[in-house]
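Just coords.pdb here, PDB, C-alpha atoms and all ligand atoms:
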ATOM      1  CA  TYR A   1       0.000   0.000   0.000
ATOM      2  CA  ILE A   2       2.841   2.423   0.934
ATOM      3  CA  VAL A   3       4.639   1.572  -2.316
ATOM      4  CA  LEU A   4       1.440   2.349  -4.245
ATOM      5  CA  ILE A   5       1.084   5.737  -2.542
ATOM      6  CA  CYS A   6       4.740   6.570  -3.282
ATOM      7  CA  LEU A   7       4.227   5.631  -6.937
ATOM      8  CA  GLN A   8       1.130   7.829  -7.102
ATOM      9  CA  VAL A   9       3.022  10.796  -5.590
ATOM     10  CA  LEU A  10       5.866  10.274  -8.074
ATOM     11  CA  LEU A  11       3.381  10.150 -10.967
ATOM     12  CA  LEU A  12       1.608  13.278  -9.776
ATOM     13  CA  ASN A  13       4.923  15.095  -9.467
ATOM     14  CA  SER A  14       5.975  14.199 -12.992
ATOM     15  CA  THR A  15       2.580  15.281 -14.413
ATOM     16  CA  MET A  16       2.808  18.533 -12.497
ATOM     17  CA  GLN A  17       6.337  19.086 -13.799
ATOM     18  CA  LEU A  18       5.173  18.618 -17.373
ATOM     19  CA  ASN A  19       2.280  21.025 -16.874
ATOM     20  CA  ALA A  20       4.494  23.563 -15.151
ATOM     21  CA  GLN A  21       7.253  23.693 -17.735
ATOM     22  CA  ASN A  22       5.811  26.101 -20.289
ATOM     23  CA  PRO A  23       7.363  28.089 -21.882
ATOM     24  CA  LEU A  24      10.151  25.581 -22.514
ATOM     25  CA  ILE A  25      12.998  27.957 -23.402
ATOM     26  CA  ARG A  26      13.661  30.814 -21.040
ATOM     27  CA  ASN A  27      17.008  32.300 -22.120
ATOM     28  CA  GLN A  28      15.821  33.675 -25.481
ATOM     29  CA  PHE A  29      12.720  33.952 -27.682
ATOM     30  CA  SER A  30      11.902  30.816 -29.675
ATOM     31  CA  ALA A  31       9.085  30.003 -32.129
ATOM     32  CA  ASP A  32       7.895  27.483 -34.735
ATOM     33  CA  PRO A  33       9.172  24.426 -32.828
ATOM     34  CA  THR A  34       9.888  21.295 -34.813
ATOM     35  CA  ALA A  35      10.523  18.535 -32.298
ATOM     36  CA  ARG A  36      12.206  15.276 -33.318
ATOM     37  CA  VAL A  37      13.149  12.196 -31.312
ATOM     38  CA  PHE A  38      16.770  11.210 -31.981
ATOM     39  CA  GLY A  39      17.934   8.339 -29.766
ATOM     40  CA  ASP A  40      16.656   8.815 -26.229
ATOM     41  CA  ARG A  41      16.377  12.604 -26.431
ATOM     42  CA  VAL A  42      13.947  15.103 -27.889
ATOM     43  CA  TYR A  43      15.609  17.732 -30.076
ATOM     44  CA  VAL A  44      13.741  20.939 -30.823
ATOM     45  CA  TYR A  45      14.606  23.073 -33.817
ATOM     46  CA  PRO A  46      12.777  26.409 -33.421
ATOM     47  CA  SER A  47      13.021  29.766 -35.102
ATOM     48  CA  HIS A  48      14.860  32.379 -33.031
ATOM     49  CA  ASP A  49      12.939  35.660 -32.731
ATOM     50  CA  ILE A  50      14.957  38.781 -31.960
ATOM     51  CA  ILE A  51      13.683  42.342 -31.785
ATOM     52  CA  ALA A  52      14.191  44.348 -34.985
ATOM     53  CA  LYS A  53      15.617  47.823 -34.709
ATOM     54  CA  GLU A  54      16.884  50.464 -37.139
ATOM     55  CA  GLY A  55      19.476  48.680 -39.334
ATOM     56  CA  ARG A  56      18.493  45.245 -38.099
ATOM     57  CA  GLY A  57      15.436  43.819 -39.829
ATOM     58  CA  ARG A  58      12.058  45.467 -40.270
ATOM     59  CA  VAL A  59      10.815  47.174 -37.118
ATOM     60  CA  GLY A  60       7.501  45.719 -35.930
ATOM     61  CA  TRP A  61       7.894  42.544 -37.986
ATOM     62  CA  PHE A  62       9.468  39.065 -37.582
ATOM     63  CA  CYS A  63      13.238  39.302 -37.231
ATOM     64  CA  MET A  64      15.417  36.179 -37.232
ATOM     65  CA  GLU A  65      19.099  35.841 -38.095
ATOM     66  CA  ASP A  66      20.035  32.349 -36.865
ATOM     67  CA  TYR A  67      18.910  29.040 -35.383
ATOM     68  CA  HIS A  68      19.719  27.256 -32.127
ATOM     69  CA  VAL A  69      18.928  23.624 -31.316
ATOM     70  CA  PHE A  70      17.805  22.454 -27.875
ATOM     71  CA  SER A  71      17.534  18.942 -26.462
ATOM     72  CA  SER A  72      16.076  17.234 -23.425
ATOM     73  CA  ALA A  73      15.771  13.726 -22.005
ATOM     74  CA  ASN A  74      12.714  14.575 -19.865
ATOM     75  CA  LEU A  75      11.005  17.555 -21.562
ATOM     76  CA  THR A  76      11.747  19.654 -18.495
ATOM     77  CA  ASP A  77      15.518  20.252 -18.474
ATOM     78  CA  TRP A  78      16.642  21.691 -21.823
ATOM     79  CA  THR A  79      20.188  22.028 -23.135
ATOM     80  CA  ASP A  80      20.886  24.860 -25.563
ATOM     81  CA  HIS A  81      23.453  23.416 -28.006
ATOM     82  CA  GLY A  82      24.063  26.901 -29.369
ATOM     83  CA  MET A  83      23.797  28.459 -32.793
ATOM     84  CA  ILE A  84      23.723  25.963 -35.670
ATOM     85  CA  VAL A  85      23.082  28.107 -38.757
ATOM     86  CA  HIS A  86      23.440  31.887 -39.232
ATOM     87  CA  GLN A  87      22.220  33.930 -42.208
ATOM     88  CA  ASP A  88      25.779  35.231 -42.800
ATOM     89  CA  ASN A  89      27.044  31.674 -43.335
ATOM     90  CA  VAL A  90      24.544  30.569 -45.964
ATOM     91  CA  PRO A  91      25.859  31.373 -49.461
ATOM     92  CA  TRP A  92      22.438  31.823 -51.127
ATOM     93  CA  VAL A  93      20.737  33.929 -48.420
ATOM     94  CA  LYS A  94      20.280  37.654 -49.096
ATOM     95  CA  PRO A  95      22.565  39.540 -46.668
ATOM     96  CA  ASN A  96      20.808  41.171 -43.702
ATOM     97  CA  SER A  97      17.423  39.758 -44.629
ATOM     98  CA  TYR A  98      16.703  38.558 -41.063
ATOM     99  CA  SER A  99      14.256  36.022 -42.485
ATOM    100  CA  MET A 100      15.413  32.683 -41.100
ATOM    101  CA  TRP A 101      11.852  31.441 -40.534
ATOM    102  CA  ALA A 102      10.405  28.098 -39.381
ATOM    103  CA  PRO A 103      12.783  25.123 -39.883
ATOM    104  CA  ASP A 104      12.707  21.308 -39.697
ATOM    105  CA  CYS A 105      15.368  18.623 -39.226
ATOM    106  CA  PHE A 106      15.287  14.991 -40.335
ATOM    107  CA  TYR A 107      17.587  11.990 -39.968
ATOM    108  CA  PHE A 108      18.270   9.859 -43.035
ATOM    109  CA  LYS A 109      20.999   7.243 -43.567
ATOM    110  CA  GLY A 110      23.527   8.593 -41.058
ATOM    111  CA  LYS A 111      23.025  12.318 -41.710
ATOM    112  CA  TYR A 112      20.868  15.059 -40.192
ATOM    113  CA  TYR A 113      19.250  17.340 -42.761
ATOM    114  CA  PHE A 114      18.227  20.776 -41.491
ATOM    115  CA  TYR A 115      15.669  22.522 -43.756
ATOM    116  CA  PHE A 116      15.087  26.244 -43.414
ATOM    117  CA  PRO A 117      13.413  29.015 -45.416
ATOM    118  CA  SER A 118      14.865  32.426 -46.156
ATOM    119  CA  MET A 119      15.069  35.144 -48.800
ATOM    120  CA  PRO A 120      17.496  34.362 -51.650
ATOM    121  CA  LYS A 121      20.067  36.821 -53.029
ATOM    122  CA  ASP A 122      19.076  35.861 -56.540
ATOM    123  CA  THR A 123      15.630  37.325 -57.113
ATOM    124  CA  SER A 124      15.436  35.953 -60.652
ATOM    125  CA  TYR A 125      14.791  32.654 -58.929
ATOM    126  CA  THR A 126      11.987  33.955 -56.677
ATOM    127  CA  ARG A 127      11.195  37.341 -55.160
ATOM    128  CA  GLY A 128       9.886  35.663 -52.012
ATOM    129  CA  PHE A 129      11.119  32.857 -49.786
ATOM    130  CA  THR A 130      12.765  29.634 -50.789
ATOM    131  CA  VAL A 131      14.095  26.650 -48.821
ATOM    132  CA  GLY A 132      17.646  25.446 -48.260
ATOM    133  CA  VAL A 133      19.353  22.596 -46.423
ATOM    134  CA  ALA A 134      22.320  22.262 -44.057
ATOM    135  CA  ILE A 135      23.763  18.816 -43.301
ATOM    136  CA  ALA A 136      25.405  17.381 -40.173
ATOM    137  CA  ASP A 137      26.631  14.095 -38.718
ATOM    138  CA  LYS A 138      25.029  14.814 -35.337
ATOM    139  CA  PRO A 139      21.662  16.353 -34.393
ATOM    140  CA  GLU A 140      23.372  19.328 -32.757
ATOM    141  CA  GLY A 141      25.715  19.895 -35.699
ATOM    142  CA  PRO A 142      28.027  21.249 -36.900
ATOM    143  CA  PHE A 143      25.721  21.838 -39.887
ATOM    144  CA  VAL A 144      27.166  22.654 -43.310
ATOM    145  CA  PRO A 145      24.805  24.777 -45.461
ATOM    146  CA  GLN A 146      24.391  23.713 -49.092
ATOM    147  CA  PRO A 147      25.564  26.335 -51.608
ATOM    148  CA  MET A 148      22.152  26.619 -53.330
ATOM    149  CA  PRO A 149      18.525  26.329 -52.180
ATOM    150  CA  ILE A 150      16.292  23.451 -53.309
ATOM    151  CA  SER A 151      15.175  24.068 -56.914
ATOM    152  CA  ASN A 152      11.478  24.566 -57.603
ATOM    153  CA  VAL A 153      10.461  25.380 -54.015
ATOM    154  CA  ARG A 154       8.892  28.786 -53.426
ATOM    155  CA  GLY A 155       7.563  29.383 -49.945
ATOM    156  CA  ILE A 156       8.168  28.936 -46.226
ATOM    157  CA  ASP A 157       7.803  26.402 -43.385
ATOM    158  CA  PRO A 158       9.532  23.278 -44.775
ATOM    159  CA  ASN A 159       8.580  19.925 -43.269
ATOM    160  CA  VAL A 160       9.970  16.484 -44.123
ATOM    161  CA  PHE A 161       8.359  13.066 -43.808
ATOM    162  CA  ILE A 162       9.799   9.656 -44.745
ATOM    163  CA  ASP A 163       7.260   6.935 -45.460
ATOM    164  CA  LYS A 164       7.603   3.248 -44.520
ATOM    165  CA  ASP A 165       8.837   2.432 -48.053
ATOM    166  CA  GLY A 166      11.748   4.888 -47.574
ATOM    167  CA  GLN A 167      10.344   7.591 -49.879
ATOM    168  CA  ALA A 168      10.959  11.076 -48.482
ATOM    169  CA  TYR A 169       8.567  13.993 -48.997
ATOM    170  CA  LEU A 170       8.993  17.731 -48.569
ATOM    171  CA  TYR A 171       6.058  19.954 -47.610
ATOM    172  CA  TRP A 172       5.996  23.734 -47.440
ATOM    173  CA  SER A 173       3.548  26.607 -47.610
ATOM    174  CA  GLN A 174       2.885  29.606 -49.778
ATOM    175  CA  GLY A 175      -0.654  30.648 -48.903
ATOM    176  CA  ASN A 176      -1.643  27.033 -49.352
ATOM    177  CA  ILE A 177       0.212  23.797 -48.606
ATOM    178  CA  TYR A 178       2.440  22.130 -51.195
ATOM    179  CA  GLY A 179       4.179  18.778 -51.268
ATOM    180  CA  ALA A 180       6.615  16.863 -53.488
ATOM    181  CA  LYS A 181       8.792  13.744 -53.355
ATOM    182  CA  LEU A 182      12.450  14.210 -52.431
ATOM    183  CA  LYS A 183      15.340  12.408 -54.123
ATOM    184  CA  GLU A 184      17.566  10.048 -52.082
ATOM    185  CA  ASN A 185      20.057  12.900 -51.699
ATOM    186  CA  MET A 186      17.381  14.795 -49.672
ATOM    187  CA  VAL A 187      18.330  18.104 -51.307
ATOM    188  CA  GLU A 188      16.449  17.903 -54.628
ATOM    189  CA  LEU A 189      12.797  17.357 -55.534
ATOM    190  CA  ALA A 190      11.971  14.098 -57.302
ATOM    191  CA  SER A 191       8.522  15.235 -58.476
ATOM    192  CA  ASP A 192       6.702  18.426 -59.375
ATOM    193  CA  PRO A 193       5.125  20.225 -56.420
ATOM    194  CA  VAL A 194       1.389  19.658 -55.956
ATOM    195  CA  VAL A 195      -1.065  21.696 -53.919
ATOM    196  CA  LEU A 196      -2.490  19.493 -51.205
ATOM    197  CA  GLY A 197      -6.082  20.286 -52.122
ATOM    198  CA  GLU A 198      -9.333  19.657 -50.328
ATOM    199  CA  LEU A 199      -8.254  21.821 -47.408
ATOM    200  CA  PRO A 200     -10.732  24.597 -46.646
ATOM    201  CA  GLY A 201     -10.447  27.264 -49.323
ATOM    202  CA  LYS A 202     -10.707  30.415 -47.221
ATOM    203  CA  GLY A 203      -7.762  31.898 -45.307
ATOM    204  CA  LEU A 204      -4.052  31.254 -45.037
ATOM    205  CA  LYS A 205      -2.802  27.743 -44.418
ATOM    206  CA  GLU A 206       0.857  27.375 -43.472
ATOM    207  CA  GLY A 207       3.282  25.479 -41.223
ATOM    208  CA  PRO A 208       2.514  21.955 -42.522
ATOM    209  CA  TYR A 209       3.555  19.026 -40.340
ATOM    210  CA  LEU A 210       2.851  15.520 -41.605
ATOM    211  CA  PHE A 211       3.041  12.302 -39.605
ATOM    212  CA  GLU A 212       1.728   8.756 -39.896
ATOM    213  CA  ARG A 213      -0.003   6.687 -37.205
ATOM    214  CA  ASN A 214      -1.531   3.214 -37.712
ATOM    215  CA  GLY A 215      -1.555   3.638 -41.503
ATOM    216  CA  THR A 216      -3.279   7.042 -41.407
ATOM    217  CA  TYR A 217      -1.453  10.125 -42.691
ATOM    218  CA  TYR A 218      -2.149  13.252 -40.662
ATOM    219  CA  LEU A 219      -1.556  16.561 -42.412
ATOM    220  CA  THR A 220      -1.600  19.164 -39.633
ATOM    221  CA  TYR A 221      -1.372  22.919 -40.179
ATOM    222  CA  PRO A 222      -2.145  26.355 -38.734
ATOM    223  CA  HIS A 223      -5.108  27.958 -40.497
ATOM    224  CA  VAL A 224      -6.214  31.550 -40.114
ATOM    225  CA  GLU A 225      -9.689  32.580 -41.151
ATOM    226  CA  ASN A 226     -10.166  35.393 -38.690
ATOM    227  CA  LYS A 227      -6.844  37.012 -37.656
ATOM    228  CA  ILE A 228      -5.533  34.280 -35.322
ATOM    229  CA  GLU A 229      -4.250  30.849 -36.291
ATOM    230  CA  ARG A 230      -5.956  27.635 -35.236
ATOM    231  CA  LEU A 231      -4.158  24.275 -35.488
ATOM    232  CA  GLU A 232      -6.175  21.917 -37.686
ATOM    233  CA  TYR A 233      -5.672  18.516 -39.263
ATOM    234  CA  ALA A 234      -6.760  16.528 -42.257
ATOM    235  CA  ILE A 235      -6.331  12.796 -42.765
ATOM    236  CA  GLY A 236      -5.588  10.653 -45.791
ATOM    237  CA  ASN A 237      -4.241   7.295 -46.977
ATOM    238  CA  ASN A 238      -1.276   8.656 -48.880
ATOM    239  CA  PRO A 239       1.500  11.159 -48.051
ATOM    240  CA  LEU A 240       0.387  13.444 -50.908
ATOM    241  CA  GLY A 241      -3.318  13.048 -50.201
ATOM    242  CA  PRO A 242      -6.120  13.406 -50.942
ATOM    243  CA  PHE A 243      -6.752  14.630 -47.397
ATOM    244  CA  ARG A 244     -10.086  15.109 -45.643
ATOM    245  CA  VAL A 245     -10.319  17.965 -43.145
ATOM    246  CA  THR A 246     -11.056  16.256 -39.854
ATOM    247  CA  GLY A 247     -10.770  18.590 -36.885
ATOM    248  CA  VAL A 248      -9.079  21.158 -34.700
ATOM    249  CA  ILE A 249      -6.002  20.341 -32.592
ATOM    250  CA  MET A 250      -5.796  23.697 -30.813
ATOM    251  CA  ASP A 251      -8.187  26.642 -30.868
ATOM    252  CA  GLU A 252      -7.168  30.215 -31.634
ATOM    253  CA  SER A 253      -5.345  31.849 -28.714
ATOM    254  CA  PRO A 254      -7.733  34.141 -26.853
ATOM    255  CA  SER A 255      -4.843  36.424 -25.893
ATOM    256  CA  GLY A 256      -3.763  37.647 -29.262
ATOM    257  CA  CYS A 257      -0.663  35.875 -30.681
ATOM    258  CA  TRP A 258      -1.748  35.642 -34.319
ATOM    259  CA  THR A 259       0.643  32.869 -35.322
ATOM    260  CA  ASN A 260       0.812  29.373 -33.998
ATOM    261  CA  HIS A 261       3.172  26.773 -35.445
ATOM    262  CA  HIS A 262       3.578  23.252 -34.230
ATOM    263  CA  SER A 263       4.935  19.730 -34.481
ATOM    264  CA  ILE A 264       3.756  16.409 -33.058
ATOM    265  CA  ILE A 265       5.928  13.594 -31.725
ATOM    266  CA  GLN A 266       5.640  10.368 -29.780
ATOM    267  CA  PHE A 267       8.227  10.124 -26.999
ATOM    268  CA  LYS A 268       8.321   7.274 -24.460
ATOM    269  CA  ASP A 269       4.751   6.123 -25.299
ATOM    270  CA  GLN A 270       3.213   9.583 -24.961
ATOM    271  CA  TRP A 271       2.269  11.921 -27.818
ATOM    272  CA  TYR A 272       3.098  15.636 -27.523
ATOM    273  CA  LEU A 273       2.158  18.813 -29.325
ATOM    274  CA  PHE A 274       4.880  21.471 -29.542
ATOM    275  CA  TYR A 275       3.631  24.969 -30.391
ATOM    276  CA  HIS A 276       4.307  28.611 -29.526
ATOM    277  CA  HIS A 277       2.814  31.664 -27.856
ATOM    278  CA  ASN A 278       4.086  35.140 -26.916
ATOM    279  CA  ASP A 279       4.415  34.362 -23.199
ATOM    280  CA  TYR A 280       7.401  36.660 -22.599
ATOM    281  CA  SER A 281       6.178  39.438 -24.893
ATOM    282  CA  PRO A 282       2.452  39.941 -24.309
ATOM    283  CA  LYS A 283       2.394  43.260 -26.185
ATOM    284  CA  PHE A 284       4.350  42.177 -29.267
ATOM    285  CA  ASP A 285       3.385  38.862 -30.835
ATOM    286  CA  LYS A 286       6.476  38.479 -33.029
ATOM    287  CA  ALA A 287       8.655  37.640 -30.010
ATOM    288  CA  ARG A 288       7.448  34.178 -29.141
ATOM    289  CA  SER A 289       8.238  31.266 -26.833
ATOM    290  CA  ILE A 290       7.797  27.559 -27.437
ATOM    291  CA  ARG A 291       5.592  25.275 -25.381
ATOM    292  CA  ALA A 292       4.631  21.594 -25.258
ATOM    293  CA  ASP A 293       1.557  19.754 -24.003
ATOM    294  CA  SER A 294       0.400  16.144 -24.068
ATOM    295  CA  LEU A 295      -1.741  15.093 -27.015
ATOM    296  CA  PHE A 296      -4.224  12.196 -27.033
ATOM    297  CA  PHE A 297      -5.951  10.207 -29.779
ATOM    298  CA  ASN A 298      -9.473   8.810 -29.643
ATOM    299  CA  THR A 299      -9.925   5.116 -30.446
ATOM    300  CA  ASP A 300     -11.098   6.008 -33.979
ATOM    301  CA  GLY A 301      -7.788   7.819 -34.637
ATOM    302  CA  THR A 302      -9.156  11.345 -34.320
ATOM    303  CA  ILE A 303      -7.158  13.813 -32.225
ATOM    304  CA  GLN A 304      -8.481  15.261 -28.980
ATOM    305  CA  LYS A 305      -8.248  19.037 -28.759
ATOM    306  CA  VAL A 306      -5.203  20.194 -26.761
ATOM    307  CA  VAL A 307      -5.877  22.869 -24.172
ATOM    308  CA  PRO A 308      -2.743  24.977 -23.489
ATOM    309  CA  THR A 309      -1.476  24.643 -19.935
ATOM    310  CA  LEU A 310      -0.470  28.311 -19.882
ATOM    311  CA  ARG A 311      -2.413  31.029 -21.644
TER     312      ARG A 311
HETATM  313  O1  LIG A 401       8.039  32.565 -37.673
HETATM  314  C1  LIG A 401       7.738  33.200 -38.881
HETATM  315  C2  LIG A 401       6.462  32.647 -39.458
HETATM  316  O2  LIG A 401       5.384  32.838 -38.553
HETATM  317  C3  LIG A 401       6.475  31.163 -39.683
HETATM  318  O3  LIG A 401       7.190  30.782 -40.796
HETATM  319  C4  LIG A 401       5.018  30.898 -39.717
HETATM  320  O4  LIG A 401       4.679  29.552 -39.668
HETATM  321  C5  LIG A 401       4.543  31.702 -38.552
HETATM  322  O5  LIG A 401       4.724  31.034 -37.340
END

Please re-express this file's structure in structure tokens.
Ligand code: FUB
Amino acid sequence: YIVLICLQVLLLNSTMQLNAQNPLIRNQFSADPTARVFGDRVYVYPSHDIIAKEGRGRVGWFCMEDYHVFSSANLTDWTDHGMIVHQDNVPWVKPNSYSMWAPDCFYFKGKYYFYFPSMPKDTSYTRGFTVGVAIADKPEGPFVPQPMPISNVRGIDPNVFIDKDGQAYLYWSQGNIYGAKLKENMVELASDPVVLGELPGKGLKEGPYLFERNGTYYLTYPHVENKIERLEYAIGNNPLGPFRVTGVIMDESPSGCWTNHHSIIQFKDQWYLFYHHNDYSPKFDKARSIRADSLFFNTDGTIQKVVPTLR
């Protein structure tokens, strides 16, 4: 009986710790968290918001010059592994563009591929954002940026998924959500981009994050119809769809951060949603902080709505 009580206290403590941890990163702003499980640790690759000022970015807008990676074995104690990619060290990025937006990182055949969007120097290629890759032997780097961005990708918020047959896919957004197959080298498209249709037509859809569970492909994404983003999902039987809009993962924030951006992982038998909010900057929603909360599935595979543990 005493052992049972001790176990219960331990369990309660660990639940309380998880609920009490948000925001996860406290030494800097962080946003757009892509979490990945590598070995027995969770690695989070977020964007790194800084405050723009005269001569550094566009005042009042998103301002990002580099990326850090963080890792944790318990989702409570986080190690900052330091800066992994800086705009000044990427040959194709337009100098002083401060546009190192939402990234992703994926492991494939002994290498870690870090995907990130930014503005290119060469505007004949695209006047907006494109996506590049940096490659490392370890999840915390050092990462070596490729000299050129991925051809035929125009947009932001790259996300990578590798299916059970080994085929890799790249997703990104440009008003709507796009997807294409990746070649084995992970740095070139193997098919023409397609719009992942059948998502609701009205409003911006961005930040795609695709995962598979029990044979179902979940395309999850922030969607804004009315100023603030809501995390939604659509399901399908194939990594490139068609997808059927199925539900909401997280409602719009009532306290005004207009973006949300997320990822979903399973770690030690529990599913988690990583997302962001402007916890340390309530008056300016482009200085954000990342959070995580537990996520649960219903028996029919639908996702239960996640209620943030800190608003
Ligand atoms: O962080 C800059 C942009 O805001 C991201 O690329 C979007 O997904 C939104 O979170």

For ligand LIG 401 (chain A), list the contacting residues at 7 Å or closer, counting all atoms listed in the file, as a tab-separated table (two decimals) with C-alpha atoms, in the frame of the given file.
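And here is the file that came out, selection-v6.tsv:
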chain	number	residue	atom	x	y	z
A	31	ALA	CA	9.09	30.00	-32.13
A	32	ASP	CA	7.90	27.48	-34.74
A	47	SER	CA	13.02	29.77	-35.10
A	62	PHE	CA	9.47	39.06	-37.58
A	101	TRP	CA	11.85	31.44	-40.53
A	102	ALA	CA	10.40	28.10	-39.38
A	156	ILE	CA	8.17	28.94	-46.23
A	157	ASP	CA	7.80	26.40	-43.38
A	206	GLU	CA	0.86	27.38	-43.47
A	207	GLY	CA	3.28	25.48	-41.22
A	259	THR	CA	0.64	32.87	-35.32
A	260	ASN	CA	0.81	29.37	-34.00
A	261	HIS	CA	3.17	26.77	-35.44

Selected residue, from A:Ala190, A:His81, A:Gly60, A:Pro46, that lies nearest to Phe284 (chain A) when counting only C-alpha atoms: A:Gly60

Tell me, in Å to one decimal, how far CA of Thr302 (chain A) is from CA of Trp271 (chain A). 13.2 Å

Restricting to all atoms listed in the file, whichever of A:Ser30, A:Asn152, A:Phe106, A:Gln167 is closest to Glu188 (chain A) is A:Asn152

Smallest atom-to-atom distance to Asn22 (chain A): which of A:His276, A:Phe296, A:Pro103, A:Lys181, using all atoms listed in the file?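 Closest to Asn22 (chain A) of all the choices is A:His276.
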